[in-house]
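Student: Dropping in start00.cif, which is mmCIF, C-alpha atoms:
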```cif
data_query
#
loop_
_atom_site.label_atom_id
_atom_site.label_comp_id
_atom_site.auth_asym_id
_atom_site.auth_seq_id
_atom_site.Cartn_x
_atom_site.Cartn_y
_atom_site.Cartn_z
CA MET A 1 -29.22 -7.27 -10.40
CA THR A 2 -29.18 -9.58 -13.41
CA ASP A 3 -29.37 -13.37 -13.24
CA ALA A 4 -25.71 -13.48 -14.18
CA ASP A 5 -24.87 -11.18 -11.29
CA SER A 6 -26.85 -13.29 -8.81
CA THR A 7 -24.90 -16.41 -9.69
CA THR A 8 -21.46 -14.84 -9.66
CA PRO A 9 -19.47 -16.47 -6.84
CA PRO A 10 -17.98 -14.18 -4.20
CA LEU A 11 -14.32 -13.30 -4.51
CA ARG A 12 -12.14 -15.85 -2.76
CA ARG A 13 -10.07 -14.66 0.19
CA GLY A 14 -6.46 -15.66 0.65
CA TRP A 15 -3.66 -15.74 3.24
CA THR A 16 -1.07 -13.13 4.09
CA THR A 17 2.67 -13.73 3.91
CA GLY A 18 2.64 -13.56 7.70
CA ALA A 19 0.14 -16.42 7.98
CA CYS A 20 2.10 -18.56 5.52
CA ALA A 21 5.37 -17.89 7.35
CA THR A 22 3.72 -18.81 10.64
CA ALA A 23 2.47 -22.11 9.30
CA ALA A 24 5.89 -22.94 7.88
CA ALA A 25 7.59 -21.99 11.16
CA ARG A 26 5.29 -24.14 13.27
CA ALA A 27 5.75 -27.16 11.01
CA ALA A 28 9.53 -26.78 11.00
CA PHE A 29 9.72 -26.32 14.78
CA ALA A 30 7.53 -29.37 15.43
CA ALA A 31 9.68 -31.53 13.14
CA LEU A 32 12.92 -30.22 14.66
CA VAL A 33 11.85 -30.87 18.25
CA SER A 34 10.10 -34.20 17.69
CA GLY A 35 12.53 -35.67 15.19
CA ARG A 36 9.53 -36.85 13.20
CA GLU A 37 7.96 -35.69 9.95
CA PRO A 38 6.26 -32.29 10.20
CA PRO A 39 2.49 -32.02 10.63
CA ASP A 40 0.91 -31.69 7.18
CA PRO A 41 -1.41 -29.91 7.01
CA VAL A 42 -0.27 -27.68 9.84
CA GLU A 43 -2.74 -25.65 11.88
CA ILE A 44 -2.20 -22.14 13.22
CA GLY A 45 -4.28 -19.53 15.00
CA LEU A 46 -5.03 -16.17 13.37
CA PRO A 47 -5.16 -12.90 15.37
CA GLY A 48 -8.96 -12.91 15.34
CA GLY A 49 -9.12 -16.36 16.93
CA ARG A 50 -9.89 -18.41 13.82
CA ARG A 51 -7.81 -21.54 13.29
CA VAL A 52 -6.76 -22.53 9.77
CA ALA A 53 -4.65 -25.29 8.23
CA PHE A 54 -1.97 -25.02 5.53
CA ALA A 55 -0.54 -27.74 3.31
CA LEU A 56 3.24 -27.93 3.14
CA ALA A 57 4.93 -27.53 -0.23
CA GLN A 58 8.42 -28.38 0.97
CA PHE A 59 10.30 -29.86 3.92
CA ILE A 60 14.05 -30.18 4.47
CA ARG A 61 15.84 -31.55 7.52
CA GLY A 62 19.41 -30.35 8.09
CA GLU A 63 22.04 -31.17 10.67
CA ASP A 64 20.85 -28.53 13.13
CA TYR A 65 17.71 -27.17 11.54
CA ALA A 66 14.39 -28.00 9.93
CA GLU A 67 12.90 -25.98 7.08
CA ALA A 68 9.32 -26.01 5.83
CA GLY A 69 7.73 -24.14 2.95
CA VAL A 70 4.19 -22.98 2.20
CA VAL A 71 2.97 -21.59 -1.13
CA LYS A 72 1.05 -18.37 -0.65
CA ASP A 73 -2.51 -18.37 -1.94
CA ALA A 74 -3.77 -14.80 -2.19
CA GLY A 75 -7.24 -15.89 -3.27
CA ASP A 76 -8.68 -13.63 -5.95
CA ASP A 77 -6.53 -10.66 -4.94
CA PRO A 78 -4.01 -9.48 -7.58
CA ASP A 79 -1.16 -9.82 -5.08
CA VAL A 80 2.43 -9.82 -6.31
CA THR A 81 3.27 -12.59 -3.83
CA HIS A 82 0.51 -14.96 -4.98
CA GLY A 83 2.11 -18.33 -5.64
CA ALA A 84 5.37 -17.45 -3.87
CA LEU A 85 7.08 -20.15 -1.80
CA ILE A 86 7.56 -18.88 1.74
CA ARG A 87 10.03 -20.85 3.84
CA ALA A 88 10.85 -20.93 7.53
CA LYS A 89 14.20 -22.38 8.63
CA VAL A 90 14.10 -23.08 12.37
CA ARG A 91 16.96 -23.82 14.75
CA ARG A 92 16.86 -24.44 18.51
CA ALA A 93 17.83 -21.46 20.65
CA PRO A 94 19.36 -21.44 24.16
CA ALA A 95 16.92 -21.98 27.04
CA GLY A 96 15.11 -18.77 27.89
CA ALA A 97 16.16 -17.00 24.69
CA GLY A 98 12.63 -16.93 23.30
CA VAL A 99 12.01 -16.55 19.58
CA SER A 100 14.29 -14.47 17.34
CA PHE A 101 13.92 -13.62 13.66
CA ALA A 102 16.25 -13.32 10.70
CA ALA A 103 15.85 -12.36 7.06
CA GLY A 104 16.71 -15.14 4.65
CA PRO A 105 16.97 -14.79 0.86
CA GLY A 106 14.11 -12.74 -0.56
CA VAL A 107 13.15 -11.02 2.71
CA GLY A 108 14.14 -7.39 3.12
CA VAL A 109 15.93 -5.56 5.89
CA VAL A 110 14.80 -2.19 7.30
CA THR A 111 17.31 0.60 6.63
CA ARG A 112 15.36 3.78 7.51
CA PRO A 113 13.61 5.00 10.65
CA GLY A 114 9.87 5.53 10.84
CA LEU A 115 8.70 1.97 10.17
CA PRO A 116 7.21 -0.36 12.81
CA LEU A 117 10.67 -1.95 13.10
CA PRO A 118 14.00 -0.19 13.71
CA PRO A 119 16.77 -0.08 11.10
CA GLY A 120 18.74 -3.30 10.89
CA GLU A 121 15.76 -5.54 11.65
CA PRO A 122 14.41 -8.08 9.16
CA ALA A 123 11.22 -6.83 7.51
CA ILE A 124 8.98 -9.23 9.39
CA ASN A 125 6.22 -7.05 10.78
CA PRO A 126 5.06 -7.09 14.42
CA VAL A 127 1.82 -9.04 13.94
CA PRO A 128 3.45 -11.90 11.98
CA ARG A 129 6.15 -12.03 14.67
CA ALA A 130 3.47 -12.32 17.34
CA MET A 131 1.72 -15.04 15.32
CA MET A 132 4.94 -17.03 15.04
CA ARG A 133 5.71 -16.69 18.75
CA GLN A 134 2.22 -17.96 19.55
CA ALA A 135 2.57 -20.87 17.11
CA ILE A 136 5.96 -21.87 18.57
CA ALA A 137 4.56 -21.64 22.11
CA GLU A 138 1.62 -23.89 21.18
CA ALA A 139 3.83 -26.47 19.48
CA ALA A 140 6.34 -26.42 22.35
CA ALA A 141 3.57 -26.99 24.90
CA GLU A 142 2.24 -29.95 22.91
CA LEU A 143 5.71 -31.47 22.64
CA GLY A 144 6.87 -30.68 26.18
CA ALA A 145 9.70 -28.48 24.89
CA ALA A 146 10.91 -24.96 25.60
CA PRO A 147 9.52 -22.29 23.23
CA ASP A 148 12.97 -21.07 22.19
CA ALA A 149 13.80 -20.86 18.49
CA GLN A 150 15.70 -18.95 15.83
CA ILE A 151 13.47 -18.45 12.77
CA GLU A 152 14.81 -17.40 9.39
CA ILE A 153 12.12 -16.50 6.85
CA SER A 154 12.85 -16.53 3.15
CA VAL A 155 10.76 -16.00 -0.01
CA GLU A 156 11.70 -17.62 -3.29
CA ASN A 157 12.43 -14.87 -5.86
CA GLY A 158 11.52 -12.34 -3.18
CA GLU A 159 14.13 -9.79 -4.19
CA GLU A 160 12.79 -9.75 -7.74
CA LEU A 161 9.16 -9.60 -6.57
CA ALA A 162 10.00 -6.68 -4.27
CA ARG A 163 10.77 -4.53 -7.30
CA SER A 164 7.01 -4.45 -7.93
CA THR A 165 6.34 -3.10 -4.44
CA LEU A 166 7.06 0.15 -2.59
CA ASN A 167 9.70 -1.48 -0.36
CA GLY A 168 12.64 0.30 -1.96
CA ARG A 169 10.96 3.67 -1.47
CA LEU A 170 10.42 2.83 2.20
CA GLY A 171 14.04 1.82 2.71
CA ILE A 172 13.38 -1.93 2.91
CA ILE A 173 16.28 -3.42 1.00
CA GLY A 174 16.90 -6.92 -0.32
CA GLY A 175 13.43 -8.35 -0.66
CA LEU A 176 9.82 -8.44 0.46
CA SER A 177 8.20 -7.67 3.79
CA ILE A 178 6.36 -10.34 5.77
CA LEU A 179 3.04 -8.62 6.35
CA GLY A 180 -0.48 -9.00 7.64
CA THR A 181 -2.57 -7.85 10.59
CA THR A 182 -5.36 -10.44 10.36
CA GLY A 183 -3.70 -13.28 8.46
CA ILE A 184 -6.37 -12.95 5.77
CA VAL A 185 -6.10 -11.24 2.37
CA VAL A 186 -9.37 -9.54 1.39
CA PRO A 187 -9.53 -9.36 -2.44
CA TYR A 188 -9.08 -5.89 -3.88
CA SER A 189 -8.92 -4.29 -0.45
CA CYS A 190 -5.71 -2.53 -1.56
CA SER A 191 -4.76 -2.49 2.10
CA ALA A 192 -1.11 -3.29 1.40
CA TRP A 193 -0.71 -0.25 -0.86
CA ILE A 194 -2.45 2.07 1.60
CA ASP A 195 -0.28 0.68 4.41
CA SER A 196 2.79 1.47 2.29
CA ILE A 197 1.54 5.05 1.86
CA HIS A 198 1.20 5.37 5.63
CA ARG A 199 4.66 3.93 6.20
CA GLY A 200 6.03 6.40 3.65
CA VAL A 201 4.63 9.28 5.69
CA ASP A 202 6.11 7.76 8.85
CA VAL A 203 9.54 7.49 7.23
CA ALA A 204 9.41 11.10 6.04
CA LEU A 205 8.50 12.32 9.53
CA ALA A 206 11.19 10.16 11.15
CA CYS A 207 13.72 11.69 8.76
CA GLY A 208 12.70 15.17 9.95
CA LEU A 209 11.22 16.27 6.62
CA ASP A 210 8.73 19.14 6.59
CA HIS A 211 7.54 18.76 2.98
CA ILE A 212 6.27 15.64 1.22
CA ALA A 213 4.89 15.20 -2.28
CA ALA A 214 2.30 12.54 -3.03
CA THR A 215 1.86 11.70 -6.69
CA THR A 216 -0.43 9.63 -8.88
CA GLY A 217 2.34 8.33 -11.13
CA SER A 218 5.92 8.60 -12.34
CA THR A 219 5.37 11.63 -14.61
CA SER A 220 3.95 13.77 -11.82
CA GLU A 221 6.62 12.48 -9.44
CA ASP A 222 9.40 13.52 -11.80
CA ALA A 223 7.82 16.95 -12.23
CA VAL A 224 7.48 17.67 -8.53
CA ARG A 225 10.95 16.29 -7.75
CA GLU A 226 12.45 18.68 -10.30
CA LEU A 227 10.34 21.58 -9.03
CA TYR A 228 11.30 21.27 -5.37
CA GLY A 229 14.43 19.11 -5.34
CA LEU A 230 12.88 16.80 -2.76
CA PRO A 231 14.81 13.77 -1.47
CA GLU A 232 13.58 10.24 -2.12
CA GLU A 233 12.13 9.94 1.40
CA ALA A 234 9.81 12.89 0.70
CA LEU A 235 8.17 11.28 -2.34
CA ILE A 236 5.04 9.22 -1.68
CA GLU A 237 3.67 7.01 -4.47
CA MET A 238 0.01 7.65 -3.72
CA GLY A 239 -1.39 6.14 -6.92
CA ASP A 240 -5.19 6.21 -6.80
CA PHE A 241 -5.49 6.30 -3.02
CA ALA A 242 -5.87 9.99 -2.25
CA GLY A 243 -8.24 9.24 0.61
CA GLY A 244 -5.84 6.78 2.23
CA LEU A 245 -3.16 9.47 2.28
CA LEU A 246 -5.27 12.44 3.33
CA LYS A 247 -7.05 10.70 6.20
CA TYR A 248 -3.72 9.53 7.62
CA LEU A 249 -2.35 13.08 7.45
CA ARG A 250 -5.12 14.31 9.75
CA LYS A 251 -3.27 12.93 12.77
CA HIS A 252 0.24 12.63 11.32
CA THR A 253 1.00 16.23 10.57
CA VAL A 254 3.43 17.18 7.84
CA PRO A 255 3.88 20.98 7.60
CA ARG A 256 3.73 21.09 3.78
CA VAL A 257 2.04 18.59 1.48
CA THR A 258 1.99 18.67 -2.31
CA ILE A 259 -0.37 16.42 -4.24
CA ALA A 260 0.58 16.18 -7.89
CA GLY A 261 -1.14 14.26 -10.64
CA GLY A 262 -2.43 14.21 -14.17
CA PHE A 263 -5.45 16.19 -15.29
CA ALA A 264 -7.81 13.21 -15.41
CA LYS A 265 -6.97 11.91 -11.93
CA LEU A 266 -7.19 15.35 -10.37
CA THR A 267 -10.49 16.04 -12.12
CA LYS A 268 -11.89 13.07 -10.18
CA LEU A 269 -10.49 14.57 -6.98
CA ALA A 270 -12.00 17.93 -7.91
CA GLN A 271 -15.37 16.21 -8.33
CA GLY A 272 -15.20 14.80 -4.82
CA ARG A 273 -13.70 11.34 -5.40
CA LEU A 274 -11.01 10.15 -3.02
CA ASP A 275 -10.46 6.84 -4.84
CA LEU A 276 -9.13 7.76 -8.28
CA HIS A 277 -9.04 4.32 -9.90
CA SER A 278 -10.77 4.06 -13.28
CA SER A 279 -12.88 1.09 -12.19
CA ARG A 280 -14.06 2.69 -8.97
CA SER A 281 -14.80 6.26 -10.03
CA SER A 282 -15.53 8.03 -13.30
CA ILE A 283 -15.33 11.58 -14.58
CA ASP A 284 -18.50 13.63 -14.68
CA LEU A 285 -18.20 15.35 -18.08
CA PRO A 286 -21.23 17.64 -17.62
CA ASP A 287 -19.63 18.85 -14.39
CA LEU A 288 -16.37 19.44 -16.26
CA ALA A 289 -18.33 21.38 -18.87
CA ALA A 290 -19.79 23.52 -16.08
CA THR A 291 -16.26 24.21 -14.84
CA ALA A 292 -15.33 25.29 -18.37
CA ARG A 293 -18.39 27.53 -18.54
CA ALA A 294 -17.33 29.22 -15.29
CA ALA A 295 -13.88 29.72 -16.85
CA GLY A 296 -15.38 31.57 -19.80
CA ALA A 297 -16.13 28.81 -22.31
CA GLY A 298 -18.97 29.31 -24.75
CA GLU A 299 -21.86 26.90 -25.14
CA ALA A 300 -20.41 25.20 -28.21
CA LEU A 301 -17.20 24.40 -26.34
CA CYS A 302 -19.14 23.20 -23.30
CA ALA A 303 -21.20 20.90 -25.52
CA ALA A 304 -17.99 19.49 -27.03
CA ILE A 305 -16.60 18.85 -23.55
CA GLU A 306 -19.76 16.99 -22.53
CA LYS A 307 -19.36 14.73 -25.58
CA ALA A 308 -15.62 14.15 -25.12
CA ASN A 309 -14.35 10.58 -24.85
CA SER A 310 -12.12 11.41 -21.90
CA ALA A 311 -11.01 14.16 -19.55
CA LEU A 312 -7.80 14.53 -21.55
CA GLU A 313 -9.76 15.11 -24.76
CA ALA A 314 -11.92 17.64 -22.94
CA GLN A 315 -8.86 19.43 -21.60
CA ALA A 316 -7.16 19.47 -25.00
CA THR A 317 -10.33 20.82 -26.64
CA ALA A 318 -10.61 23.58 -24.05
CA ARG A 319 -6.94 24.44 -24.31
CA ALA A 320 -7.14 24.73 -28.10
CA ALA A 321 -9.99 27.19 -27.61
CA GLY A 322 -7.94 29.26 -25.15
CA VAL A 323 -9.80 28.12 -22.03
CA ASP A 324 -7.69 26.99 -19.06
CA LEU A 325 -9.34 24.06 -17.28
CA ALA A 326 -6.28 23.03 -15.28
CA ALA A 327 -6.35 26.06 -12.94
CA PRO A 328 -9.96 25.67 -11.75
CA ILE A 329 -9.48 21.89 -11.46
CA ALA A 330 -6.46 22.50 -9.22
CA GLN A 331 -8.51 24.80 -7.00
CA ARG A 332 -11.48 22.43 -6.81
CA ALA A 333 -9.20 19.47 -6.13
CA TRP A 334 -7.68 21.50 -3.31
CA ASP A 335 -11.17 21.96 -1.82
CA THR A 336 -11.83 18.21 -1.82
CA ALA A 337 -8.39 17.35 -0.45
CA ALA A 338 -8.52 20.03 2.24
CA ALA A 339 -11.91 18.77 3.41
CA ALA A 340 -10.56 15.23 3.69
CA LEU A 341 -7.32 16.34 5.36
CA ALA A 342 -8.94 18.85 7.72
CA ASN A 343 -5.65 19.72 9.42
CA PRO A 344 -4.95 23.47 9.53
CA ALA A 345 -1.38 22.74 10.64
CA THR A 346 -0.68 21.46 7.13
CA ALA A 347 -0.22 23.76 4.15
CA LEU A 348 -1.66 21.90 1.18
CA GLU A 349 -0.91 22.36 -2.51
CA ILE A 350 -2.35 20.72 -5.62
CA ILE A 351 -0.30 20.58 -8.85
CA VAL A 352 -1.76 19.50 -12.20
CA VAL A 353 0.85 17.89 -14.45
CA GLY A 354 0.57 17.36 -18.20
CA ARG A 355 1.37 14.09 -19.92
CA ASP A 356 4.67 15.63 -21.07
CA GLY A 357 5.62 16.44 -17.46
CA ALA A 358 4.91 20.16 -17.74
CA ILE A 359 3.18 21.79 -14.77
CA LEU A 360 -0.18 23.05 -15.99
CA ALA A 361 -1.50 24.64 -12.79
CA SER A 362 -0.97 24.97 -9.06
CA SER A 363 -3.38 25.84 -6.30
CA GLY A 364 -0.60 27.30 -4.18
CA PHE A 365 -0.02 26.39 -0.54
CA ARG A 366 -2.80 27.15 1.93
CA PRO A 367 -3.71 25.74 5.37
CA ALA A 368 -5.95 22.71 4.90
CA ILE A 369 -9.14 24.30 6.18
CA ARG A 370 -12.35 23.45 4.38
CA ARG A 371 -13.85 26.40 2.56
CA GLU A 372 -17.41 27.30 3.47
CA ASP A 373 -18.52 27.71 -0.13
CA PRO A 374 -16.22 25.71 -2.43
CA GLN A 375 -16.75 26.37 -6.13
CA LYS A 376 -18.90 23.72 -7.77
#
```
Render the structure in this file as structure tokens.
Tutor:
Amino acid sequence: MTDADSTTPPLRRGWTTGACATAAARAAFAALVSGREPPDPVEIGLPGGRRVAFALAQFIRGEDYAEAGVVKDAGDDPDVTHGALIRAKVRRAPAGAGVSFAAGPGVGVVTRPGLPLPPGEPAINPVPRAMMRQAIAEAAAELGAAPDAQIEISVENGEELARSTLNGRLGIIGGLSILGTTGIVVPYSCSAWIDSIHRGVDVALACGLDHIAATTGSTSEDAVRELYGLPEEALIEMGDFAGGLLKYLRKHTVPRVTIAGGFAKLTKLAQGRLDLHSSRSSIDLPDLAATARAAGAGEALCAAIEKANSALEAQATARAAGVDLAAPIAQRAWDTAAAALANPATALEIIVVGRDGAILASSGFRPAIRREDPQK
């Protein structure tokens, strides 16, 4: 470790949309019941027991409601909702009614089965709902009031921000989801994306589908959609998170699974990587040269592959020399994916897609049983 590395500060954690909504809801409820100004900062409890305080960015008192807003701070995580204003509009509910939830502007509504909430419900996930119920109960006890409230959560520009998420693919329409299981955002954990992958599998199963296709990008998605004519619910935007998908499929069986991606991404998978992001895994060019050698390449071609600037250059060089690298990469990627999936009830297929959308190779469908002696 260099001196510069030793002085680099740790990445700053942030707060989930669920934690921000909870803080806003507690502040609004307290102001509504007491008739006074809301607590600022307002303190809430997180699921793990930690208590944290949030500053209010906005407060409005209406004729029969109070509304508070909190600006989400995602820390050093590249979160699409960082800086978003999350509001909670709270009204009193009849005695014994408990706490109910509604989607305001910028918060989506569930329209498909398979998610943690049934169709028709606002996309406010179970843990944030539990956090808000706890916060309302605490505030009610302090104020000597009944813990009955109607809470409407909204996110400024949420519908626009949702276009950068997977909500539309999951059937969450009209805005963002209010998420979080701990209340804390861990920088670069990518947990939200992986959770969306899992929810995509759940939706596909709830829709009765027996074939899903997980892809690394739009080009491979278009290719596999055209090949099989799959409906939108069957298409999973896996991105770089092959491991997040495959491990979930161990216990959530889909009869047929296609993984489609570009040559470079699937070369990483073939070389044993389950995280395909450029900053977290790299391509082993000598290993790719060895694959070419096994496919019949001469030593001059193998040396050129080892010196290539990228996997795509290596593949183009091999292809120009009449050596097919896509087919063995598809087979080796299948070996890695099958080992991670380890579910013989699933027939797994790997498809390598060119940059022009052409299908370069397919492993074919086989039960996801790890081979005893996978080709290296």
Student: Which of these residues is nearest to Ile212 (chain A), using only C-alpha atoms: A:Leu348, A:Ala303, A:Ala30, A:Ile369?
Tutor: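 Looking at the shortest contact to Ile212 (chain A), the residue is A:Leu348.
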Student: Please determine, counting all atoms listed in the file, which residue among A:Gly171, A:Pro367, A:Gly354, A:Gly298 has the shortest atom-to-atom distance to Thr253 (chain A).
Tutor: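 Of A:Gly171, A:Pro367, A:Gly354, A:Gly298, the one nearest Thr253 (chain A) is A:Pro367, counting all atoms listed in the file.
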Student: Grab the CA of Ala289 (chain A) to CA of Ala314 (chain A) distance for me, in Å with one decimal place.
Tutor: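 Atom-to-atom, CA of Ala289 (chain A) to CA of Ala314 (chain A), that is 8.5 Å.
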Student: Looking at only C-alpha atoms, which of A:Ala66, A:Ile283, A:Ile305, A:Ala53 is the one that sits closest to Lys268 (chain A)?
Tutor: A:Ile283
Student: Expressed in Å to a single decimal, how great is the separation between CA of Ala326 (chain A) and CA of Val201 (chain A)?
Tutor: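 Computing it gives 27.3 Å between the two atoms.
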Student: Could you tell me which residues the PyMOL selection byres ((chain A and resi 282) around 12) grabs in this file, written as a list in words?
Tutor: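 Written out, the selection comes to Ala264, Lys265, Leu266, Thr267, Lys268, Leu269, Ala270, Gln271, Gly272, Arg273, Leu274, Asp275, Leu276, His277, Ser278, Ser279, Arg280, Ser281, Ile283, Asp284, Leu285, Pro286, Asp287, Leu288, Asn309, Ser310 and Ala311 of chain A.
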Student: Just write the chosen residues, C-alpha atoms, as a PDB file, keeping the file's coordinate frame.
Tutor:
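Saved as selection15.pdb:
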```
ATOM      1  CA  ALA A 264      -7.810  13.210 -15.410  1.00  0.00           C
ATOM      2  CA  LYS A 265      -6.970  11.910 -11.930  1.00  0.00           C
ATOM      3  CA  LEU A 266      -7.190  15.350 -10.370  1.00  0.00           C
ATOM      4  CA  THR A 267     -10.490  16.040 -12.120  1.00  0.00           C
ATOM      5  CA  LYS A 268     -11.890  13.070 -10.180  1.00  0.00           C
ATOM      6  CA  LEU A 269     -10.490  14.570  -6.980  1.00  0.00           C
ATOM      7  CA  ALA A 270     -12.000  17.930  -7.910  1.00  0.00           C
ATOM      8  CA  GLN A 271     -15.370  16.210  -8.330  1.00  0.00           C
ATOM      9  CA  GLY A 272     -15.200  14.800  -4.820  1.00  0.00           C
ATOM     10  CA  ARG A 273     -13.700  11.340  -5.400  1.00  0.00           C
ATOM     11  CA  LEU A 274     -11.010  10.150  -3.020  1.00  0.00           C
ATOM     12  CA  ASP A 275     -10.460   6.840  -4.840  1.00  0.00           C
ATOM     13  CA  LEU A 276      -9.130   7.760  -8.280  1.00  0.00           C
ATOM     14  CA  HIS A 277      -9.040   4.320  -9.900  1.00  0.00           C
ATOM     15  CA  SER A 278     -10.770   4.060 -13.280  1.00  0.00           C
ATOM     16  CA  SER A 279     -12.880   1.090 -12.190  1.00  0.00           C
ATOM     17  CA  ARG A 280     -14.060   2.690  -8.970  1.00  0.00           C
ATOM     18  CA  SER A 281     -14.800   6.260 -10.030  1.00  0.00           C
ATOM     19  CA  ILE A 283     -15.330  11.580 -14.580  1.00  0.00           C
ATOM     20  CA  ASP A 284     -18.500  13.630 -14.680  1.00  0.00           C
ATOM     21  CA  LEU A 285     -18.200  15.350 -18.080  1.00  0.00           C
ATOM     22  CA  PRO A 286     -21.230  17.640 -17.620  1.00  0.00           C
ATOM     23  CA  ASP A 287     -19.630  18.850 -14.390  1.00  0.00           C
ATOM     24  CA  LEU A 288     -16.370  19.440 -16.260  1.00  0.00           C
ATOM     25  CA  ASN A 309     -14.350  10.580 -24.850  1.00  0.00           C
ATOM     26  CA  SER A 310     -12.120  11.410 -21.900  1.00  0.00           C
ATOM     27  CA  ALA A 311     -11.010  14.160 -19.550  1.00  0.00           C
TER      28      ALA A 311
END
```
Student: Of the candidates A:Ala137, A:Met131, A:Ile236, A:Leu176, which one gets nearest to Ser164 (chain A) if we count only C-alpha atoms?
Tutor: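 Using only C-alpha atoms, the shortest distance to Ser164 (chain A) belongs to A:Leu176.
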Student: With 4 Å of padding per side, what axis-aligned box (centre and edge lengths, Å, one decimal) covers all the listed atoms of region 59-68 of chain A? Give it as lines of an AutoDock Vina configuration file.
Tutor:
```
center_x = 15.7
center_y = -28.8
center_z = 8.5
size_x = 20.7
size_y = 13.6
size_z = 17.2
```
Student: Can you tell me which residues surround Val323 (chain A) at a distance of at most 7 Å, considering only C-alpha atoms, apart from same-chain residues fewer than 4 positions away, and format the answer as a PyMOL selection string?
Tutor: chain A and resi 295-297+318-319
Student: Would you write out those residues with C-alpha atoms, as a PDB file, keeping the file's coordinate frame?
Tutor:
```
ATOM      1  CA  ALA A 295     -13.880  29.720 -16.850  1.00  0.00           C
ATOM      2  CA  GLY A 296     -15.380  31.570 -19.800  1.00  0.00           C
ATOM      3  CA  ALA A 297     -16.130  28.810 -22.310  1.00  0.00           C
ATOM      4  CA  ALA A 318     -10.610  23.580 -24.050  1.00  0.00           C
ATOM      5  CA  ARG A 319      -6.940  24.440 -24.310  1.00  0.00           C
TER       6      ARG A 319
END
```
Student: Need to verify the contact set: Ala139 (chain A), 9 Å, only C-alpha atoms, exclusion of same-chain residues closer than 3 positions in sequence. Can you return it as a count of residues only?
Tutor: 12
Student: Rounded to one decimal place, report the CA of Thr16 (chain A)-CA of Gly98 (chain A) distance in Å.
Tutor: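 CA of Gly98 (chain A) lies 23.9 Å from CA of Thr16 (chain A).
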Student: Applying the PyMOL selection byres ((chain A and resi 87) around 10) to the file I just gave you, which residues come out? Please list them as an NGL selection string.
Tutor: :A and (20-25 or 28 or 56-59 or 67-71 or 84-86 or 88-90 or 104-105 or 151-156)
Student: Any chance you could turn region 218-228 of chain A into a file with N, CA, C and O atoms, as a PDB file, in the first residue's frame?
Tutor:
```
ATOM      1  N   SER A 218     -28.100  -4.011 -23.990  1.00  0.00           N
ATOM      2  CA  SER A 218     -29.240  -3.900 -24.907  1.00  0.00           C
ATOM      3  C   SER A 218     -29.033  -4.670 -26.198  1.00  0.00           C
ATOM      4  O   SER A 218     -29.986  -5.215 -26.770  1.00  0.00           O
ATOM      5  N   THR A 219     -27.797  -4.748 -26.704  1.00  0.00           N
ATOM      6  CA  THR A 219     -27.557  -5.465 -27.961  1.00  0.00           C
ATOM      7  C   THR A 219     -27.848  -6.945 -27.805  1.00  0.00           C
ATOM      8  O   THR A 219     -28.528  -7.560 -28.642  1.00  0.00           O
ATOM      9  N   SER A 220     -27.342  -7.547 -26.726  1.00  0.00           N
ATOM     10  CA  SER A 220     -27.602  -8.968 -26.501  1.00  0.00           C
ATOM     11  C   SER A 220     -29.066  -9.208 -26.166  1.00  0.00           C
ATOM     12  O   SER A 220     -29.638 -10.236 -26.541  1.00  0.00           O
ATOM     13  N   GLU A 221     -29.708  -8.246 -25.493  1.00  0.00           N
ATOM     14  CA  GLU A 221     -31.135  -8.404 -25.207  1.00  0.00           C
ATOM     15  C   GLU A 221     -31.959  -8.409 -26.490  1.00  0.00           C
ATOM     16  O   GLU A 221     -32.850  -9.242 -26.672  1.00  0.00           O
ATOM     17  N   ASP A 222     -31.656  -7.488 -27.390  1.00  0.00           N
ATOM     18  CA  ASP A 222     -32.384  -7.447 -28.661  1.00  0.00           C
ATOM     19  C   ASP A 222     -32.191  -8.739 -29.446  1.00  0.00           C
ATOM     20  O   ASP A 222     -33.133  -9.266 -30.054  1.00  0.00           O
ATOM     21  N   ALA A 223     -30.966  -9.282 -29.410  1.00  0.00           N
ATOM     22  CA  ALA A 223     -30.679 -10.503 -30.166  1.00  0.00           C
ATOM     23  C   ALA A 223     -31.464 -11.685 -29.619  1.00  0.00           C
ATOM     24  O   ALA A 223     -32.048 -12.472 -30.381  1.00  0.00           O
ATOM     25  N   VAL A 224     -31.495 -11.833 -28.307  1.00  0.00           N
ATOM     26  CA  VAL A 224     -32.168 -12.995 -27.728  1.00  0.00           C
ATOM     27  C   VAL A 224     -33.683 -12.837 -27.786  1.00  0.00           C
ATOM     28  O   VAL A 224     -34.421 -13.825 -27.929  1.00  0.00           O
ATOM     29  N   ARG A 225     -34.179 -11.598 -27.718  1.00  0.00           N
ATOM     30  CA  ARG A 225     -35.615 -11.378 -27.881  1.00  0.00           C
ATOM     31  C   ARG A 225     -36.057 -11.791 -29.286  1.00  0.00           C
ATOM     32  O   ARG A 225     -37.072 -12.462 -29.468  1.00  0.00           O
ATOM     33  N   GLU A 226     -35.271 -11.412 -30.283  1.00  0.00           N
ATOM     34  CA  GLU A 226     -35.612 -11.774 -31.667  1.00  0.00           C
ATOM     35  C   GLU A 226     -35.500 -13.278 -31.887  1.00  0.00           C
ATOM     36  O   GLU A 226     -36.315 -13.883 -32.591  1.00  0.00           O
ATOM     37  N   LEU A 227     -34.507 -13.897 -31.251  1.00  0.00           N
ATOM     38  CA  LEU A 227     -34.294 -15.338 -31.431  1.00  0.00           C
ATOM     39  C   LEU A 227     -35.455 -16.152 -30.881  1.00  0.00           C
ATOM     40  O   LEU A 227     -35.934 -17.092 -31.522  1.00  0.00           O
ATOM     41  N   TYR A 228     -35.931 -15.802 -29.683  1.00  0.00           N
ATOM     42  CA  TYR A 228     -36.921 -16.634 -29.010  1.00  0.00           C
ATOM     43  C   TYR A 228     -38.310 -16.000 -28.920  1.00  0.00           C
ATOM     44  O   TYR A 228     -39.254 -16.679 -28.500  1.00  0.00           O
TER      45      TYR A 228
END
```
